[in-house]
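Here the structure is laid out as structure tokens; the discussion comes afterwards.
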Amino acid sequence: MKKLRIPIMIIAILIALYEQSSTDKNVYITIVAIVIFMIGMMQLSAKTPSKNQDKEEQDVE
């Protein structure tokens with residue numbers, strides 16, 4: 001699933017950048033592309049372990 005998420009995020013950000021450079025800017029397309037990118041980033045960063053994970057586990061015990 002991760003292999004599918006990253007290309008979708010890259011395509012979404014490229015579409016957002018393309019919309020910003022065009023003469024007729026469509027705000028809704030830009031917003032949807034940024035939302036897709038941000039959701040993808042949230043899902044990818046959720047799997048990254050916390051830097052303070054060891055400290056949090058020691059505080060619980």
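Identifiers in the structure tokens: chain A, B, ... in order shown; residue index from 1 per chain; ligand index from 1 in order shown.
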
Report task. List the neighbours of Leu14 (chain A) out to 12 Å using only C-alpha atoms; skip same-chain residues closer than 4 positions along the sequence, and give me the result as a ChimeraX atom specification. Result -> /A:7-10,18-21,29-30,33-34,36-37

Requested in this report: May I have all residues of chain A that DSSP, computed from the backbone, assigns to alpha helix (DSSP H), given as a PyMOL selection string?
Outcome: chain A and resi 2-21+27-46+53-60

Report task. Find the distance between CA of Val27 (chain A) and CA of Ile15 (chain A) and write it in Å to one decimal. Result -> 11.6 Å

Report task. Measuring atom to atom with only C-alpha atoms, identify which of A:Arg5, A:Lys25, A:Ile31, A:Ile11 is nearest to Gln43 (chain A). Result ->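 Selected residue with least distance to Gln43 (chain A): A:Arg5.
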
Requested in this report: Can you work out the spacing between CA of Lys47 (chain A) and CA of Val32 (chain A) in Å, to one decimal?
Outcome: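 Those two atoms sit 23.6 Å apart.
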
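With CA of Lys2 (chain A) on one side and CA of Pro49 (chain A) on the other, the separation reads 16.3 Å.
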
Report task. Could you tell me which of A:Met38, A:Leu44, A:Ala16, A:Tyr28 comes closest to Lys3 (chain A) if we count only C-alpha atoms? Result -> A:Leu44
